[in-house]
Amino acid sequence: MHVYKLTMSATLLLKQRHALIQQQLHADGRVLALDLARQLDVSEDTIRRDLREMAAAGLCQRVYGGALPLAPDGGTLSQRKQEAPERKARLAQAAASLVRAGQVLFLDAGSTNLAIASALPELALTVITNAPAIAMTLMERPEIELIMAGGRVDRRAGASLGPQALRTVERMHPDLCFLGACGADADAGVTAFNYDEAEFKRSIAGASKAVVVAVTSDKLGTAAPFGVLATGLLQHLVLEADADPVHIAAFERLGVQVLRARA
């Protein structure tokens with residue numbers, strides 16, 4: 001009976017810790033294991049175990065030294081296209097302002113990048129994409145030379161992924177790569193939910209002269225399980241007008257040019 005009471009007490013304390021960690025994560029946008037250990041008067045190992053369990057339950061994303069909110073999973077491309085179209089259109093206009101005549105662009109899959117495709121200025125351009133929806137959007141633009149990276153299409157991502165798509169882009173060196181992101185944080189960098197998608201994104205980002213990421217505010221300061229790009233390798237970040245100044249300052253300290261869309 002005595003052992004049973006101890007177990008129940010330990011379980012209650014565990015739930016209390018998890019609830020407190022969630023509250024702080026929601027309030028501050030991130031938690032550090034060392035700070036939590038001091039605040040809750042437990043060991044760092046205990047906090048790390050708590051964060052592992054919470055990450056496994058989909059409550060946060062572990063990063064070095066602590067945890068971030070889990071990036072929002074918007075579902076399939078068809079579903080994501082229906083979410084916040086006006087906000088994404090404003091992001092797209094800001095992102096498209098970086099484009100210059102004669103450039104070679106890569107447009108990654110994603111609903112925001114689909115909006116960027118529609119917002120591209122009427123200039124002579126070469127556009128490479130692995131996204132059938134983006135290719136279809138640009139089919140009627142005669143001033144744009146269009147190159148499609150083929151292969152197996154992942155319907156959820158709305159993109160060609162895998163070895164054939166990788167072979168297509170590994171021989172190309174775009175001037176600007178508009179990279180899709182599930183999460184973006186100054187410490188965690190650009191992250192994705194899908195392993196194959198993250199591998200493809202890393203490949204094309206590494207081959208490009210400059211990388212642009214445009215994200216809605218709900219993705220800012222969050223992380224997904226698979227790393228794509230360290231913040232130091234990102235040249236341009238396009239954010240909404242209401243983006244948190246703390247996040248903006250953190251990216252700018254690392255040398256990222258931050259553009260904000262109009263309100």
# chains A, B, ... in the order shown; residues from 1 in each chain; ligands from 1
$ residues_around --residues "Lys219 (chain A)" --least-positions-apart "2" --cutoff "12 Å" --atoms "only C-alpha atoms" --output "number ranges by chain"
A: 29, 68-74, 180-186, 189-192, 213-217, 221-224, 238-240, 243-244, 247
$ write_last_selection --atoms "C-alpha atoms" --output "PDB file, in the first residue's frame"
ATOM      1  CA  GLY A  29       7.417  30.642 -26.776  1.00  0.00           C
ATOM      2  CA  LEU A  68       9.836  24.956 -28.773  1.00  0.00           C
ATOM      3  CA  PRO A  69       6.149  24.840 -29.655  1.00  0.00           C
ATOM      4  CA  LEU A  70       5.472  22.202 -32.300  1.00  0.00           C
ATOM      5  CA  ALA A  71       5.012  23.714 -35.758  1.00  0.00           C
ATOM      6  CA  PRO A  72       1.382  23.725 -36.943  1.00  0.00           C
ATOM      7  CA  ASP A  73       0.553  20.836 -39.251  1.00  0.00           C
ATOM      8  CA  GLY A  74      -1.775  22.332 -41.831  1.00  0.00           C
ATOM      9  CA  GLY A 180       8.838  26.065 -47.976  1.00  0.00           C
ATOM     10  CA  ALA A 181       8.970  25.761 -44.172  1.00  0.00           C
ATOM     11  CA  CYS A 182       6.842  24.034 -41.552  1.00  0.00           C
ATOM     12  CA  GLY A 183       8.595  25.882 -38.732  1.00  0.00           C
ATOM     13  CA  ALA A 184      11.105  28.749 -38.517  1.00  0.00           C
ATOM     14  CA  ASP A 185      13.060  29.739 -35.419  1.00  0.00           C
ATOM     15  CA  ALA A 186      16.341  31.614 -35.023  1.00  0.00           C
ATOM     16  CA  GLY A 189      16.433  27.124 -38.132  1.00  0.00           C
ATOM     17  CA  VAL A 190      14.038  25.968 -40.850  1.00  0.00           C
ATOM     18  CA  THR A 191      12.354  22.626 -40.166  1.00  0.00           C
ATOM     19  CA  ALA A 192       9.904  20.208 -41.818  1.00  0.00           C
ATOM     20  CA  VAL A 213      11.656  31.675 -46.632  1.00  0.00           C
ATOM     21  CA  ALA A 214       8.209  33.268 -46.262  1.00  0.00           C
ATOM     22  CA  VAL A 215       6.170  32.158 -43.254  1.00  0.00           C
ATOM     23  CA  THR A 216       2.925  33.118 -41.591  1.00  0.00           C
ATOM     24  CA  SER A 217       3.174  34.195 -37.947  1.00  0.00           C
ATOM     25  CA  GLY A 221       9.223  30.470 -33.278  1.00  0.00           C
ATOM     26  CA  THR A 222       8.141  26.849 -33.818  1.00  0.00           C
ATOM     27  CA  ALA A 223       9.937  23.706 -34.934  1.00  0.00           C
ATOM     28  CA  ALA A 224       9.136  20.421 -36.713  1.00  0.00           C
ATOM     29  CA  VAL A 238       9.602  37.284 -45.219  1.00  0.00           C
ATOM     30  CA  LEU A 239       7.176  37.779 -42.339  1.00  0.00           C
ATOM     31  CA  GLU A 240       3.736  39.214 -41.727  1.00  0.00           C
ATOM     32  CA  ALA A 243       5.466  39.329 -36.583  1.00  0.00           C
ATOM     33  CA  ASP A 244       6.927  39.296 -33.059  1.00  0.00           C
ATOM     34  CA  HIS A 247      11.865  36.855 -33.297  1.00  0.00           C
TER      35      HIS A 247
END
$ residues_around --residues "Leu32 (chain A)" --least-positions-apart "6" --cutoff "7 Å" --atoms "only C-alpha atoms" --output "JSON, numbers by chain"
{"A": [65, 66, 67]}
$ atom_distance --atom1 "CA of Ser160 (chain A)" --atom2 "CA of Met148 (chain A)"
9.1 Å
$ select_by_dssp --residues "region 53-215 of chain A" --states "alpha helix (DSSP H)" --output "PyMOL selection string"
chain A and resi 53-56+77-81+85-96+111-119+132-138+163-169+195-207
$ write_last_selection --atoms "C-alpha atoms" --output "PDB file, in the first residue's frame"
ATOM      1  CA  GLU A  53       7.681  12.441 -23.206  1.00  0.00           C
ATOM      2  CA  MET A  54       5.900  15.682 -24.132  1.00  0.00           C
ATOM      3  CA  ALA A  55       7.503  15.679 -27.588  1.00  0.00           C
ATOM      4  CA  ALA A  56       6.418  12.065 -28.128  1.00  0.00           C
ATOM      5  CA  LEU A  77      -1.722  21.135 -49.776  1.00  0.00           C
ATOM      6  CA  SER A  78      -5.398  21.349 -50.798  1.00  0.00           C
ATOM      7  CA  GLN A  79      -6.330  22.092 -47.195  1.00  0.00           C
ATOM      8  CA  ARG A  80      -3.504  24.582 -46.673  1.00  0.00           C
ATOM      9  CA  LYS A  81      -4.511  26.526 -49.799  1.00  0.00           C
ATOM     10  CA  PRO A  85      -5.238  33.246 -48.447  1.00  0.00           C
ATOM     11  CA  GLU A  86      -5.175  37.047 -47.958  1.00  0.00           C
ATOM     12  CA  ARG A  87      -2.265  36.858 -45.500  1.00  0.00           C
ATOM     13  CA  LYS A  88      -0.321  34.569 -47.834  1.00  0.00           C
ATOM     14  CA  ALA A  89      -1.007  36.887 -50.773  1.00  0.00           C
ATOM     15  CA  ARG A  90       0.552  39.786 -48.837  1.00  0.00           C
ATOM     16  CA  LEU A  91       3.563  37.646 -47.956  1.00  0.00           C
ATOM     17  CA  ALA A  92       3.845  36.677 -51.620  1.00  0.00           C
ATOM     18  CA  GLN A  93       3.917  40.296 -52.780  1.00  0.00           C
ATOM     19  CA  ALA A  94       6.746  41.072 -50.357  1.00  0.00           C
ATOM     20  CA  ALA A  95       8.693  37.960 -51.354  1.00  0.00           C
ATOM     21  CA  ALA A  96       8.265  38.617 -55.084  1.00  0.00           C
ATOM     22  CA  SER A 111       0.634  27.137 -50.225  1.00  0.00           C
ATOM     23  CA  THR A 112       2.615  30.334 -49.581  1.00  0.00           C
ATOM     24  CA  ASN A 113       5.004  29.535 -52.437  1.00  0.00           C
ATOM     25  CA  LEU A 114       2.006  28.870 -54.658  1.00  0.00           C
ATOM     26  CA  ALA A 115       0.907  32.429 -53.856  1.00  0.00           C
ATOM     27  CA  ILE A 116       4.434  33.639 -54.692  1.00  0.00           C
ATOM     28  CA  ALA A 117       4.172  31.954 -58.101  1.00  0.00           C
ATOM     29  CA  SER A 118       1.019  33.984 -58.788  1.00  0.00           C
ATOM     30  CA  ALA A 119       2.742  37.177 -57.594  1.00  0.00           C
ATOM     31  CA  PRO A 132       2.745  20.385 -59.952  1.00  0.00           C
ATOM     32  CA  ALA A 133       0.372  23.111 -58.693  1.00  0.00           C
ATOM     33  CA  ILE A 134       3.057  25.781 -59.127  1.00  0.00           C
ATOM     34  CA  ALA A 135       3.930  24.474 -62.587  1.00  0.00           C
ATOM     35  CA  MET A 136       0.269  24.693 -63.601  1.00  0.00           C
ATOM     36  CA  THR A 137       0.057  28.258 -62.264  1.00  0.00           C
ATOM     37  CA  LEU A 138       2.998  29.319 -64.444  1.00  0.00           C
ATOM     38  CA  PRO A 163      15.842  10.181 -55.996  1.00  0.00           C
ATOM     39  CA  GLN A 164      14.651  11.407 -59.411  1.00  0.00           C
ATOM     40  CA  ALA A 165      13.657  14.840 -58.113  1.00  0.00           C
ATOM     41  CA  LEU A 166      16.968  15.076 -56.241  1.00  0.00           C
ATOM     42  CA  ARG A 167      18.940  14.193 -59.371  1.00  0.00           C
ATOM     43  CA  THR A 168      17.186  16.964 -61.301  1.00  0.00           C
ATOM     44  CA  VAL A 169      18.012  19.744 -58.864  1.00  0.00           C
ATOM     45  CA  TYR A 195      11.875  13.252 -43.800  1.00  0.00           C
ATOM     46  CA  ASP A 196      11.967  12.938 -47.614  1.00  0.00           C
ATOM     47  CA  GLU A 197      10.750  16.492 -48.029  1.00  0.00           C
ATOM     48  CA  ALA A 198      13.418  17.773 -45.626  1.00  0.00           C
ATOM     49  CA  GLU A 199      16.107  15.911 -47.591  1.00  0.00           C
ATOM     50  CA  PHE A 200      14.958  17.472 -50.866  1.00  0.00           C
ATOM     51  CA  LYS A 201      14.780  20.952 -49.334  1.00  0.00           C
ATOM     52  CA  ARG A 202      18.320  20.630 -47.930  1.00  0.00           C
ATOM     53  CA  SER A 203      19.635  19.628 -51.345  1.00  0.00           C
ATOM     54  CA  ILE A 204      18.137  22.513 -53.311  1.00  0.00           C
ATOM     55  CA  ALA A 205      18.889  25.074 -50.591  1.00  0.00           C
ATOM     56  CA  GLY A 206      22.530  23.990 -50.544  1.00  0.00           C
ATOM     57  CA  ALA A 207      22.794  24.371 -54.328  1.00  0.00           C
TER      58      ALA A 207
END
$ atom_distance --atom1 "CA of Asp50 (chain A)" --atom2 "CA of Leu34 (chain A)"
12.7 Å
$ closest_residue --among "A:Met172, A:Ala210, A:Ala241, A:Ala230" --to "Leu259 (chain A)" --atoms "only C-alpha atoms"
A:Ala241
$ atom_distance --atom1 "CA of Ile144 (chain A)" --atom2 "CA of Leu107 (chain A)"
12.8 Å
$ closest_residue --among "A:Asp108, A:Val246, A:Arg155, A:Pro225" --to "Gly58 (chain A)" --atoms "only C-alpha atoms"
A:Pro225
$ residues_around --residues "Glu145 (chain A)" --least-positions-apart "5" --cutoff "7 Å" --atoms "only C-alpha atoms" --output "JSON list (two decimals) with N, CA, C and O atoms, in the first residue's frame"
[["chain", "number", "residue", "atom", "x", "y", "z"],
["A", 125, "LEU", "N", 12.17, 35.15, -66.78],
["A", 125, "LEU", "CA", 12.70, 34.36, -65.67],
["A", 125, "LEU", "C", 12.77, 32.90, -66.07],
["A", 125, "LEU", "O", 12.07, 32.45, -66.99],
["A", 126, "THR", "N", 13.61, 32.15, -65.36],
["A", 126, "THR", "CA", 13.56, 30.69, -65.42],
["A", 126, "THR", "C", 13.12, 30.22, -64.05],
["A", 126, "THR", "O", 13.70, 30.61, -63.02],
["A", 127, "VAL", "N", 12.08, 29.41, -64.02],
["A", 127, "VAL", "CA", 11.56, 28.90, -62.75],
["A", 127, "VAL", "C", 11.62, 27.38, -62.75],
["A", 127, "VAL", "O", 11.10, 26.72, -63.65]]
$ residues_around --residues "Ile128 (chain A)" --least-positions-apart "2" --cutoff "8 Å" --atoms "only C-alpha atoms" --output "PyMOL selection string"
chain A and resi 104-107+126+130+146-149
$ closest_residue --among "A:Thr46, A:Asn194, A:Gln24, A:Gln16" --to "Arg156 (chain A)" --atoms "only C-alpha atoms"
A:Asn194
